[in-house]
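Q: So I've got this file, input.cif, and it contains mmCIF, C-alpha atoms:
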```
data_protein
#
loop_
_atom_site.label_atom_id
_atom_site.label_comp_id
_atom_site.auth_asym_id
_atom_site.auth_seq_id
_atom_site.Cartn_x
_atom_site.Cartn_y
_atom_site.Cartn_z
CA MET W 304 0.00 0.00 0.00
CA LYS W 305 1.11 3.58 -0.55
CA GLU W 306 0.48 4.64 3.05
CA PRO W 307 -1.50 3.17 6.00
CA ASN W 308 -4.21 5.84 6.15
CA GLY W 309 -5.36 4.72 2.71
CA LEU W 310 -6.97 1.75 4.47
CA PHE W 311 -9.73 3.97 5.87
CA TYR W 312 -12.90 4.61 3.89
CA SER W 313 -13.74 7.71 5.91
CA SER W 314 -12.67 9.66 9.00
CA PRO W 315 -14.29 11.31 12.03
CA LYS W 316 -13.63 14.71 10.43
CA ILE W 317 -15.40 13.77 7.18
CA LEU W 318 -18.35 12.20 8.99
CA ARG W 319 -18.81 15.26 11.19
CA GLU W 320 -18.22 18.02 8.66
CA ASN W 321 -19.59 16.49 5.44
CA TYR W 322 -22.47 14.44 6.81
CA GLY W 323 -23.38 16.15 10.08
CA VAL W 324 -22.88 13.01 12.16
CA ASN W 325 -22.82 13.52 15.93
CA LEU W 326 -19.88 11.16 16.28
CA LYS W 327 -18.61 10.20 19.73
CA THR W 328 -15.29 8.36 19.59
CA SER W 329 -13.68 6.93 22.75
CA HIS W 330 -17.15 6.11 24.07
CA GLU W 331 -18.45 2.66 25.03
CA VAL W 332 -22.06 1.50 25.08
CA ILE W 333 -22.58 -0.25 28.42
CA LYS W 334 -26.22 -1.28 28.10
CA ILE W 335 -29.17 -0.92 25.75
CA ASP W 336 -32.63 -0.72 27.37
CA ARG W 337 -35.14 -1.80 24.73
CA VAL W 338 -38.17 -0.95 26.87
CA LYS W 339 -37.12 2.64 27.58
CA LYS W 340 -35.31 2.99 24.24
CA GLU W 341 -32.25 4.22 26.07
CA VAL W 342 -28.52 3.66 25.69
CA LEU W 343 -26.14 3.86 28.65
CA VAL W 344 -22.81 5.26 27.45
CA ARG W 345 -19.42 5.67 29.15
CA ASN W 346 -16.83 8.27 28.12
CA LEU W 347 -13.61 6.24 28.15
CA GLU W 348 -11.44 9.32 28.63
CA SER W 349 -13.29 10.88 31.59
CA GLY W 350 -15.10 7.83 32.94
CA ASN W 351 -18.38 9.76 33.03
CA GLU W 352 -21.58 7.96 32.05
CA PHE W 353 -24.72 9.33 30.44
CA VAL W 354 -27.97 8.13 28.87
CA ASP W 355 -28.99 8.77 25.27
CA LYS W 356 -32.40 8.02 23.75
CA TYR W 357 -33.31 6.58 20.36
CA ASP W 358 -36.29 5.97 18.10
CA LYS W 359 -34.44 3.50 15.90
CA LEU W 360 -31.10 1.93 16.74
CA VAL W 361 -28.55 0.43 14.34
CA PHE W 362 -26.18 -1.93 16.15
CA ALA W 363 -22.78 -2.37 14.51
CA GLY W 364 -20.67 -3.57 17.42
CA GLY W 365 -18.50 -5.84 15.29
CA THR W 366 -16.40 -8.64 16.74
CA TRP W 367 -13.38 -9.12 19.00
CA PRO W 368 -10.73 -11.84 18.76
CA ILE W 369 -11.26 -14.89 20.93
CA GLU W 370 -8.62 -14.86 23.69
CA PRO W 371 -8.14 -18.34 25.20
CA LYS W 372 -7.41 -18.34 28.93
CA LEU W 373 -4.20 -20.33 28.80
CA PRO W 374 -1.28 -20.37 31.25
CA GLY W 375 1.24 -17.70 30.22
CA ILE W 376 -1.13 -15.79 27.93
CA GLU W 377 -0.19 -12.63 29.86
CA PHE W 378 3.47 -12.69 28.70
CA ASN W 379 4.76 -9.87 26.52
CA ASN W 380 4.82 -10.32 22.74
CA ILE W 381 1.61 -12.39 22.64
CA VAL W 382 -0.65 -10.23 20.51
CA LEU W 383 -3.94 -10.10 18.62
CA SER W 384 -4.70 -9.05 15.05
CA LYS W 385 -7.92 -7.07 14.66
CA LEU W 386 -7.54 -3.29 14.85
CA PHE W 387 -5.50 -0.83 12.82
CA GLN W 388 -3.43 -0.31 15.96
CA HIS W 389 -2.72 -4.05 16.07
CA ALA W 390 -1.53 -3.89 12.47
CA GLU W 391 0.82 -1.02 13.29
CA THR W 392 2.30 -3.06 16.14
CA LEU W 393 2.72 -6.11 13.90
CA VAL W 394 4.56 -4.01 11.31
CA GLU W 395 6.97 -2.89 14.05
CA TYR W 396 7.56 -6.52 15.03
CA ALA W 397 8.07 -7.52 11.39
CA ASN W 398 10.73 -4.85 10.97
CA SER W 399 12.52 -5.69 14.24
CA ASP W 400 15.78 -7.65 14.12
CA LYS W 401 15.02 -8.91 17.64
CA ILE W 402 12.05 -10.91 16.40
CA LYS W 403 13.33 -14.04 14.67
CA ASN W 404 10.84 -16.81 15.56
CA VAL W 405 7.16 -16.07 14.96
CA VAL W 406 4.33 -18.43 15.90
CA VAL W 407 0.86 -17.87 14.47
CA VAL W 408 -1.95 -19.69 16.28
CA GLY W 409 -4.93 -20.25 13.98
CA ALA W 410 -4.88 -21.34 10.32
CA GLY W 411 -7.86 -19.40 9.05
CA TYR W 412 -7.55 -16.68 6.43
CA ILE W 413 -6.04 -14.07 8.75
CA GLY W 414 -3.59 -16.56 10.23
CA VAL W 415 -2.41 -17.82 6.85
CA GLU W 416 -2.00 -14.28 5.52
CA LEU W 417 0.03 -13.32 8.60
CA VAL W 418 2.25 -16.35 8.05
CA GLU W 419 3.03 -15.21 4.51
CA ALA W 420 3.66 -11.61 5.61
CA PHE W 421 6.18 -12.57 8.31
CA HIS W 422 7.78 -15.21 6.07
CA GLU W 423 8.40 -12.53 3.45
CA LYS W 424 10.12 -10.48 6.16
CA GLY W 425 12.62 -13.29 6.68
CA LYS W 426 11.24 -14.64 9.95
CA ASN W 427 11.15 -18.28 11.01
CA VAL W 428 7.40 -18.89 11.05
CA THR W 429 5.41 -21.70 12.66
CA LEU W 430 1.67 -22.11 12.09
CA ILE W 431 -0.33 -24.01 14.73
CA ASP W 432 -3.95 -25.07 14.45
CA ILE W 433 -6.10 -27.65 16.20
CA ASN W 434 -7.59 -28.65 12.85
CA PRO W 435 -5.68 -30.97 10.50
CA ARG W 436 -5.84 -28.58 7.51
CA VAL W 437 -5.37 -24.88 6.81
CA ALA W 438 -8.38 -22.80 5.69
CA ASN W 439 -10.54 -25.86 6.29
CA LEU W 440 -13.81 -23.90 6.48
CA TYR W 441 -13.43 -22.72 2.89
CA PHE W 442 -11.63 -25.46 0.96
CA ASP W 443 -11.43 -29.23 0.84
CA SER W 444 -8.18 -31.19 0.89
CA GLU W 445 -7.64 -31.05 -2.89
CA PHE W 446 -6.85 -27.34 -2.49
CA THR W 447 -5.52 -27.09 1.06
CA SER W 448 -2.92 -29.84 0.48
CA ILE W 449 -1.33 -27.76 -2.28
CA MET W 450 -1.36 -24.64 -0.12
CA GLU W 451 0.23 -26.54 2.76
CA SER W 452 2.87 -28.00 0.43
CA ASN W 453 3.74 -24.54 -0.89
CA MET W 454 4.02 -23.21 2.65
CA GLU W 455 6.37 -25.99 3.73
CA LYS W 456 8.48 -25.62 0.57
CA SER W 457 8.87 -21.95 1.51
CA GLY W 458 10.23 -22.92 4.91
CA VAL W 459 7.11 -22.46 7.03
CA LYS W 460 6.75 -25.03 9.80
CA LEU W 461 3.22 -26.47 10.02
CA ALA W 462 1.93 -27.85 13.32
CA LEU W 463 -1.57 -28.90 12.30
CA GLY W 464 -3.79 -31.06 14.48
CA GLU W 465 -2.09 -29.64 17.58
CA LYS W 466 -3.73 -27.83 20.51
CA VAL W 467 -1.92 -24.98 22.27
CA THR W 468 -1.90 -25.66 26.02
CA SER W 469 0.38 -22.95 27.47
CA PHE W 470 3.16 -20.43 26.94
CA LYS W 471 6.58 -20.25 28.59
CA SER W 472 9.02 -17.42 29.24
CA SER W 473 12.77 -17.67 29.77
CA ASN W 474 12.96 -14.34 31.62
CA GLY W 475 9.55 -14.26 33.30
CA LYS W 476 8.31 -11.42 31.07
CA ASP W 477 8.58 -12.16 27.35
CA VAL W 478 7.20 -15.25 25.66
CA SER W 479 9.87 -17.72 24.54
CA LYS W 480 7.97 -20.95 23.81
CA VAL W 481 4.55 -22.15 22.74
CA ILE W 482 3.57 -25.50 24.24
CA THR W 483 1.09 -27.79 22.49
CA ASP W 484 -0.30 -31.22 23.33
CA LYS W 485 2.32 -32.74 21.02
CA SER W 486 5.40 -30.49 20.99
CA GLU W 487 6.87 -27.08 21.80
CA TYR W 488 8.02 -24.23 19.56
CA GLU W 489 10.48 -21.37 19.98
CA ALA W 490 8.79 -17.97 19.84
CA ASP W 491 9.87 -14.35 20.08
CA LEU W 492 6.37 -13.32 18.95
CA VAL W 493 3.02 -15.12 19.13
CA ILE W 494 0.00 -13.93 17.16
CA MET W 495 -3.33 -15.32 18.36
CA SER W 496 -5.77 -15.72 15.48
CA VAL W 497 -8.21 -18.39 16.61
CA GLY W 498 -11.45 -16.71 15.61
CA PHE W 499 -13.76 -13.86 16.53
CA LYS W 500 -16.84 -13.40 18.70
CA PRO W 501 -19.57 -10.78 18.16
CA ARG W 502 -19.53 -7.97 20.74
CA THR W 503 -23.21 -8.08 21.62
CA GLU W 504 -23.13 -8.44 25.41
CA CYS W 505 -24.76 -5.04 25.95
CA ILE W 506 -27.98 -5.89 24.12
CA ASP W 507 -30.66 -8.43 25.10
CA VAL W 508 -32.17 -9.78 21.87
CA GLU W 509 -32.36 -13.17 20.16
CA LYS W 510 -28.92 -14.47 19.19
CA ILE W 511 -27.30 -17.62 17.84
CA SER W 512 -24.87 -19.61 19.98
CA ASN W 513 -21.84 -17.35 19.40
CA GLY W 514 -23.74 -14.15 20.22
CA ALA W 515 -24.54 -12.92 16.70
CA ILE W 516 -27.93 -11.20 16.54
CA VAL W 517 -30.71 -12.93 14.58
CA VAL W 518 -32.32 -10.57 12.06
CA ASN W 519 -34.98 -10.56 9.34
CA GLU W 520 -34.45 -9.73 5.67
CA PHE W 521 -34.31 -5.99 6.47
CA GLN W 522 -31.68 -6.45 9.21
CA GLN W 523 -34.20 -5.88 12.01
CA SER W 524 -33.78 -7.88 15.19
CA LEU W 525 -36.40 -10.62 15.47
CA SER W 526 -36.85 -9.48 19.07
CA ASP W 527 -37.35 -5.76 18.37
CA GLU W 528 -38.23 -4.11 15.05
CA ASN W 529 -36.76 -0.82 16.27
CA ILE W 530 -33.29 -2.35 16.46
CA TYR W 531 -31.23 -3.16 13.37
CA ALA W 532 -28.05 -5.25 13.50
CA ILE W 533 -25.47 -5.09 10.73
CA GLY W 534 -21.96 -6.24 9.89
CA ASP W 535 -20.16 -8.76 12.04
CA SER W 536 -22.66 -8.34 14.89
CA CYS W 537 -25.49 -10.14 13.09
CA ALA W 538 -26.27 -13.64 11.84
CA LEU W 539 -27.37 -13.94 8.21
CA LYS W 540 -29.50 -16.49 6.39
CA ASN W 541 -27.27 -19.07 4.76
CA SER W 542 -28.25 -19.44 1.11
CA VAL W 543 -27.60 -23.19 1.20
CA SER W 544 -29.01 -24.33 4.54
CA GLY W 545 -31.46 -21.49 5.21
CA LYS W 546 -30.15 -21.29 8.78
CA SER W 547 -28.95 -18.15 10.55
CA THR W 548 -25.16 -18.23 10.26
CA HIS W 549 -22.38 -15.90 11.36
CA VAL W 550 -20.32 -15.00 8.28
CA ALA W 551 -17.95 -12.18 9.22
CA LEU W 552 -16.88 -10.73 5.87
CA ALA W 553 -16.41 -7.11 4.79
CA THR W 554 -18.75 -7.64 1.83
CA ASN W 555 -21.60 -8.58 4.15
CA ALA W 556 -20.89 -5.62 6.42
CA VAL W 557 -21.27 -3.21 3.51
CA LYS W 558 -24.41 -4.87 2.13
CA THR W 559 -26.19 -5.17 5.48
CA GLY W 560 -25.45 -1.50 6.15
CA ILE W 561 -27.04 -0.59 2.82
CA VAL W 562 -30.13 -2.74 3.48
CA SER W 563 -30.72 -1.24 6.93
CA ALA W 564 -30.16 2.34 5.74
CA LEU W 565 -32.60 1.92 2.86
CA HIS W 566 -35.22 0.35 5.13
CA LEU W 567 -34.90 3.20 7.61
CA ALA W 568 -35.46 5.58 4.69
CA GLY W 569 -38.61 3.71 3.66
CA VAL W 570 -37.14 1.65 0.82
CA ASN W 571 -37.65 -2.11 1.17
CA VAL W 572 -34.63 -3.86 -0.30
CA SER W 573 -34.21 -7.23 1.38
CA PHE W 574 -30.94 -9.03 2.08
CA PRO W 575 -30.97 -12.13 -0.15
CA GLY W 576 -28.87 -14.41 2.02
CA VAL W 577 -25.20 -15.23 2.04
CA ALA W 578 -23.21 -18.10 0.55
CA GLY W 579 -19.96 -17.11 2.26
CA THR W 580 -18.25 -16.17 -0.99
CA ASN W 581 -14.55 -15.55 -0.33
CA ALA W 582 -11.10 -15.55 -1.89
CA ILE W 583 -7.48 -15.78 -0.80
CA ASN W 584 -4.14 -15.19 -2.50
CA VAL W 585 -1.19 -16.63 -0.57
CA PHE W 586 1.90 -18.74 -1.35
CA ASP W 587 1.09 -18.73 -5.09
CA CYS W 588 -2.39 -20.13 -4.44
CA HIS W 589 -5.19 -18.08 -5.98
CA TYR W 590 -8.36 -19.54 -4.48
CA ALA W 591 -12.04 -18.64 -4.22
CA SER W 592 -15.03 -20.52 -2.86
CA THR W 593 -18.73 -20.11 -2.23
CA GLY W 594 -21.31 -22.23 -0.43
CA LEU W 595 -20.33 -25.33 1.52
CA THR W 596 -17.26 -27.52 1.20
CA GLU W 597 -17.92 -31.24 0.85
CA SER W 598 -16.98 -31.89 4.47
CA LEU W 599 -19.18 -29.04 5.75
CA ALA W 600 -22.10 -30.12 3.55
CA LYS W 601 -22.08 -33.56 5.16
CA ALA W 602 -21.71 -32.00 8.61
CA ASN W 603 -24.78 -29.84 7.88
CA GLY W 604 -27.02 -32.80 7.18
CA TYR W 605 -26.53 -33.28 3.44
CA GLU W 606 -25.92 -37.02 3.69
CA GLU W 607 -26.11 -37.36 -0.10
CA ALA W 608 -23.52 -34.64 -0.70
CA ALA W 609 -21.25 -35.58 -3.60
CA SER W 610 -18.51 -33.80 -5.52
CA VAL W 611 -16.52 -33.65 -8.73
CA TYR W 612 -12.98 -32.27 -8.78
CA TRP W 613 -11.69 -31.23 -12.21
CA GLU W 614 -8.16 -30.13 -13.05
CA ASP W 615 -7.27 -28.90 -16.52
CA MET W 616 -5.42 -26.25 -18.50
CA ASP W 617 -7.43 -23.03 -18.54
CA LYS W 618 -6.81 -22.47 -22.27
CA PRO W 619 -6.14 -24.72 -25.27
CA GLU W 620 -2.70 -26.30 -24.94
CA PHE W 621 -1.52 -24.60 -28.13
CA MET W 622 -1.72 -21.26 -26.29
CA GLN W 623 1.66 -20.53 -24.69
CA SER W 624 -0.05 -18.74 -21.81
CA ALA W 625 -2.14 -21.78 -20.81
CA GLU W 626 -1.85 -22.74 -17.13
CA LYS W 627 -3.34 -25.22 -14.69
CA VAL W 628 -6.71 -24.46 -13.12
CA ALA W 629 -9.01 -26.53 -10.91
CA CYS W 630 -12.67 -26.50 -9.96
CA LYS W 631 -14.57 -28.58 -7.43
CA ILE W 632 -18.35 -28.63 -7.29
CA VAL W 633 -20.33 -29.96 -4.33
CA TYR W 634 -23.93 -30.97 -4.90
CA ASP W 635 -26.83 -32.98 -3.49
CA LYS W 636 -26.87 -36.33 -5.27
CA LYS W 637 -30.65 -36.67 -4.82
CA THR W 638 -31.75 -33.28 -6.14
CA PHE W 639 -28.61 -32.10 -8.01
CA LYS W 640 -28.90 -28.85 -6.05
CA LEU W 641 -25.62 -26.94 -6.10
CA LEU W 642 -24.19 -26.70 -2.58
CA GLY W 643 -20.73 -25.22 -3.09
CA VAL W 644 -17.87 -24.50 -5.47
CA GLN W 645 -14.10 -24.12 -5.04
CA ILE W 646 -11.81 -22.67 -7.70
CA GLY W 647 -8.02 -22.50 -7.73
CA SER W 648 -5.05 -21.66 -9.91
CA TRP W 649 -1.33 -21.44 -9.25
CA GLY W 650 0.23 -19.31 -11.98
CA LYS W 651 -0.21 -15.89 -13.53
CA ASN W 652 -3.74 -16.60 -14.75
CA ILE W 653 -6.22 -15.97 -11.94
CA HIS W 654 -9.81 -17.21 -12.21
CA THR W 655 -11.26 -16.38 -8.81
CA GLU W 656 -13.97 -14.05 -10.16
CA THR W 657 -15.61 -17.04 -11.82
CA VAL W 658 -17.01 -17.82 -8.38
CA TYR W 659 -19.51 -14.96 -8.71
CA MET W 660 -21.61 -17.00 -11.15
CA PHE W 661 -21.83 -19.85 -8.68
CA ALA W 662 -22.63 -17.53 -5.76
CA LEU W 663 -25.67 -16.30 -7.69
CA ALA W 664 -26.64 -19.87 -8.61
CA ILE W 665 -26.52 -20.91 -4.95
CA GLN W 666 -28.40 -17.78 -3.89
CA LYS W 667 -31.18 -18.70 -6.33
CA GLY W 668 -31.17 -22.38 -5.34
CA LEU W 669 -30.33 -23.59 -8.85
CA THR W 670 -29.57 -27.19 -9.77
CA LEU W 671 -26.79 -28.55 -11.98
CA PRO W 672 -29.09 -29.18 -14.99
CA GLU W 673 -30.08 -25.51 -14.85
CA ILE W 674 -26.53 -24.16 -14.99
CA ALA W 675 -24.37 -26.87 -16.59
CA LEU W 676 -24.95 -25.44 -20.08
CA THR W 677 -24.67 -21.78 -19.14
CA ASP W 678 -24.03 -19.54 -22.15
CA VAL W 679 -20.27 -19.14 -21.73
CA TYR W 680 -18.16 -17.59 -24.48
CA PHE W 681 -15.12 -19.31 -26.00
CA LEU W 682 -11.97 -17.47 -26.99
CA PRO W 683 -8.65 -19.35 -26.92
CA HIS W 684 -6.95 -16.33 -25.34
CA PHE W 685 -9.11 -16.89 -22.25
CA ASN W 686 -10.61 -20.40 -22.08
CA LYS W 687 -11.60 -23.68 -23.72
CA PRO W 688 -14.86 -24.67 -25.44
CA PHE W 689 -15.38 -27.10 -22.56
CA ASN W 690 -14.80 -24.52 -19.86
CA PHE W 691 -13.05 -25.71 -16.69
CA PHE W 692 -16.05 -24.88 -14.50
CA LEU W 693 -18.67 -26.40 -16.81
CA VAL W 694 -16.95 -29.78 -17.18
CA PRO W 695 -17.31 -30.89 -13.52
CA MET W 696 -21.04 -30.15 -13.64
CA LEU W 697 -21.43 -32.13 -16.85
CA LYS W 698 -19.46 -35.01 -15.34
CA ALA W 699 -21.77 -34.97 -12.31
CA LEU W 700 -24.70 -35.29 -14.71
CA GLY W 701 -23.15 -38.33 -16.39
CA LEU W 702 -21.02 -37.00 -19.25
CA ASP W 703 -17.76 -38.94 -19.11
CA TYR W 704 -15.67 -36.12 -20.55
CA LYS W 705 -11.94 -36.80 -20.90
CA HIS W 706 -9.05 -34.51 -21.75
#
```
Spit out the file's structure as structure tokens when you get a sec.

A:
Amino acid sequence: MKEPNGLFYSSPKILRENYGVNLKTSHEVIKIDRVKKEVLVRNLESGNEFVDKYDKLVFAGGTWPIEPKLPGIEFNNIVLSKLFQHAETLVEYANSDKIKNVVVVGAGYIGVELVEAFHEKGKNVTLIDINPRVANLYFDSEFTSIMESNMEKSGVKLALGEKVTSFKSSNGKDVSKVITDKSEYEADLVIMSVGFKPRTECIDVEKISNGAIVVNEFQQSLSDENIYAIGDSCALKNSVSGKSTHVALATNAVKTGIVSALHLAGVNVSFPGVAGTNAINVFDCHYASTGLTESLAKANGYEEAASVYWEDMDKPEFMQSAEKVACKIVYDKKTFKLLGVQIGSWGKNIHTETVYMFALAIQKGLTLPEIALTDVYFLPHFNKPFNFFLVPMLKALGLDYKH
């Protein structure tokens, strides 16, 4: 990036001067009284508390990293990664010659991206996760095995299927080792990235198990139509299962904000549901997915979940720029309903935006026969007549297509 402040979409000054927002930074909402329509607020600088009233309330409390209560968690150089201030601190660590061994706990998207960032800074990096695969919520083993192989070839140490039990310090102040149920790892810096929890303790409305607020299609709380919940604080209807699910992505934060703002202004645009569409670009793996992985589909009750994995060149072999690409479709064997799609490539040609088509198909509840012959163009500069994402659907329907 050119400079860190470019990460911000707005600023307190712009919100106050250009939009007339009565913005109160360094203030914490302690409690929301739905009966009185009152908000108890604490000024974090002075400690003073006051009550504010509302007619309609939009709750956008976001999330906070999960902090496991483990022995030694209080040692110096064990940090989180959530806020801009956290990022500034991590940059300082990355540029410090004193930090040589970095341990990242948690192999989700943020954890994997942190691993790559510190690896590129020349650090010895270890990645620990209780699960046996990286990014396991988004991709099945066909894709994660390649990512893991690329990480290990780069010199990253993977400690998958291991549970962190404690931290040790050689001087009683700074962390020096991470202890798991299977081994121990040298550490000058530990970054905890084991997930996030919605910050909804101050509001008493219907929530799912992790605290995310259950809302209707206009982002209104099911418990109180005068309260809207948006962004990471709310649970959204999963386009595959129909269940309320917590999917903390920036795209959903923007869209739920738009839906609630329009509804408050009298315009009824409903949120259509979320398939969890996502993408990642690390260690030469350019991946995108939407819907459920095969393992998650079976865990969510789709006993007849099946899949087709297809690997091919993205263009005719006579094109010098042709490269390997892969697509995996997950579907219900009984109904042929599309449940999920994963797409990956490993060269200069990136095909992640193809996932948009499948996100819409899942959102609309389409089946493979309805989309397997989608009107896709052919131009040898870009693809093949039998496109890499059409072939696996045709194979699922019985066409024994070969290279």

Q: Identify all residues satisfying the PyMOL selection byres ((chain W and resi 399-401) around 10) in the given file; provide them as a PyMOL selection string.

A: chain W and resi 393-398+402-404+424-426+491-492

Q: Could you check which of W:Gly464, W:Pro619, W:Gly364, W:Gly604 is closest to Pro688 in chain W, using all atoms listed in the file?

A: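 Under the stated criterion, the closest residue is W:Pro619.
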
Q: Using the chain letters and numbering of this document, enumerate as a ChimeraX atom specification the residues selected by the PyMOL selection byres ((chain W and resi 658) around 12).

A: /W:578-582,590-594,630-632,643-647,653-657,659-665,692

Q: Export, as an mmCIF file, in the frame of the given file, the selected residues with C-alpha atoms.

A:
```cif
data_model
loop_
_atom_site.group_PDB
_atom_site.id
_atom_site.type_symbol
_atom_site.label_atom_id
_atom_site.label_comp_id
_atom_site.auth_asym_id
_atom_site.auth_seq_id
_atom_site.Cartn_x
_atom_site.Cartn_y
_atom_site.Cartn_z
ATOM 1 C CA ALA W 578 -23.210 -18.100 0.550
ATOM 2 C CA GLY W 579 -19.960 -17.110 2.260
ATOM 3 C CA THR W 580 -18.250 -16.170 -0.990
ATOM 4 C CA ASN W 581 -14.550 -15.550 -0.330
ATOM 5 C CA ALA W 582 -11.100 -15.550 -1.890
ATOM 6 C CA TYR W 590 -8.360 -19.540 -4.480
ATOM 7 C CA ALA W 591 -12.040 -18.640 -4.220
ATOM 8 C CA SER W 592 -15.030 -20.520 -2.860
ATOM 9 C CA THR W 593 -18.730 -20.110 -2.230
ATOM 10 C CA GLY W 594 -21.310 -22.230 -0.430
ATOM 11 C CA CYS W 630 -12.670 -26.500 -9.960
ATOM 12 C CA LYS W 631 -14.570 -28.580 -7.430
ATOM 13 C CA ILE W 632 -18.350 -28.630 -7.290
ATOM 14 C CA GLY W 643 -20.730 -25.220 -3.090
ATOM 15 C CA VAL W 644 -17.870 -24.500 -5.470
ATOM 16 C CA GLN W 645 -14.100 -24.120 -5.040
ATOM 17 C CA ILE W 646 -11.810 -22.670 -7.700
ATOM 18 C CA GLY W 647 -8.020 -22.500 -7.730
ATOM 19 C CA ILE W 653 -6.220 -15.970 -11.940
ATOM 20 C CA HIS W 654 -9.810 -17.210 -12.210
ATOM 21 C CA THR W 655 -11.260 -16.380 -8.810
ATOM 22 C CA GLU W 656 -13.970 -14.050 -10.160
ATOM 23 C CA THR W 657 -15.610 -17.040 -11.820
ATOM 24 C CA TYR W 659 -19.510 -14.960 -8.710
ATOM 25 C CA MET W 660 -21.610 -17.000 -11.150
ATOM 26 C CA PHE W 661 -21.830 -19.850 -8.680
ATOM 27 C CA ALA W 662 -22.630 -17.530 -5.760
ATOM 28 C CA LEU W 663 -25.670 -16.300 -7.690
ATOM 29 C CA ALA W 664 -26.640 -19.870 -8.610
ATOM 30 C CA ILE W 665 -26.520 -20.910 -4.950
ATOM 31 C CA PHE W 692 -16.050 -24.880 -14.500
#
```

Q: If you apply the PyMOL selection byres ((chain W and resi 515-520) around 6) to this file, what residues do you get, as a PyMOL selection string?

A: chain W and resi 501+509-511+513-514+521-525+536-538+573-574

Q: At a cut-off of 12 Å, can you tabulate as CSV every residue of range 363-477 of chain W near range 545-551 of chain W together with its closest atom pair and the distance in Å to one decimal, using only C-alpha atoms and ordering rows by chain then number?

A:
```
residue,atom,partner,partner_atom,distance
W:Gly365,CA,W:Ala551,CA,8.8
W:Thr366,CA,W:Ala551,CA,8.5
W:Trp367,CA,W:Ala551,CA,11.2
W:Pro368,CA,W:Ala551,CA,12.0
W:Tyr412,CA,W:Ala551,CA,11.7
W:Leu440,CA,W:Val550,CA,11.2
W:Tyr441,CA,W:Val550,CA,11.7
```

Q: Have a look at W:Leu599, W:Lys356, W:Glu465, W:Glu455 and name the one nearest to Asn439 in chain W; count only C-alpha atoms.

A: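 Of W:Leu599, W:Lys356, W:Glu465, W:Glu455, the one nearest Asn439 in chain W, counting only C-alpha atoms, is W:Leu599.
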
Q: To one decimal in Å, tell me the separation between CA of Val437 in chain W and CA of His422 in chain W.

A: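 Distance between the two atoms: 16.3 Å.
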
Q: Tell me, as a PyMOL selection string, which residues lie within 12 Å of Asn380 in chain W, counting only C-alpha atoms; anything in the same chain fewer than 5 positions away does not count.

A: chain W and resi 375+389+392-393+395-396+401-402+404-407+470-472+476-481+490-495

Q: Need to verify the contact set: Val628 in chain W, 10 Å, all atoms listed in the file, exclusion of same-chain residues closer than 2 positions in sequence. Can you return it as a list in words?

A: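 The residues that qualify are His589, Trp613, Glu614, Asp615, Met616, Asp617, Lys618, Ala625, Glu626, Cys630, Ile646, Gly647, Ser648, Trp649, Gly650, Asn652, Ile653, His654, Phe691 and Phe692 of chain W.
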
Q: So that I can see what lies close to Glu391 in chain W, please list as number ranges by chain the residues with an atom at most 12 Å from it, counting only C-alpha atoms and leaving out residues fewer than 5 positions away in the same chain.

A: W: 306-308, 382-386, 396-398

Q: May I ask for the distance between CA of Leu642 in chain W and CA of Ile583 in chain W, given in Å to one decimal place?

A: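 CA of Ile583 in chain W lies 20.0 Å from CA of Leu642 in chain W.
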
Q: Go through W:Glu370, W:His684, W:Lys305, W:Val508 one by one, measure the shortest atom-to-atom distance of each to Phe621 in chain W using all atoms listed in the file, and give the residue with the smallest value.

A: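 For Phe621 in chain W, the nearest of the given residues is W:His684.
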
Q: Which residue gives the smallest distance to Leu373 in chain W among W:Ala420, W:Ile482, W:Leu430, W:Leu318, with all atoms listed in the file counted?

A: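 Going through W:Ala420, W:Ile482, W:Leu430, W:Leu318 one by one, the smallest distance to Leu373 in chain W is for W:Ile482.
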
Q: Around (-9.2, -10.3, 4.9), as given in the file, which residues come within 8 Å? Count all atoms listed in the file and list them as a list in words.

A: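 With a cut-off of 8 Å, the residues come to Tyr412, Ile413, Leu552 and Ala553 of chain W.
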
Q: Which of these residues is nearest to Lys485 in chain W, using all atoms listed in the file: W:Asn686, W:His330, W:Ala363, W:Lys466?

A: W:Lys466

Q: May I ask which of the residues W:Val570, W:Val408, W:Leu463, W:Leu539 is the closest one to Ile369 in chain W, counting all atoms listed in the file?

A: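 Nearest candidate to Ile369 in chain W out of W:Val570, W:Val408, W:Leu463, W:Leu539: W:Val408.
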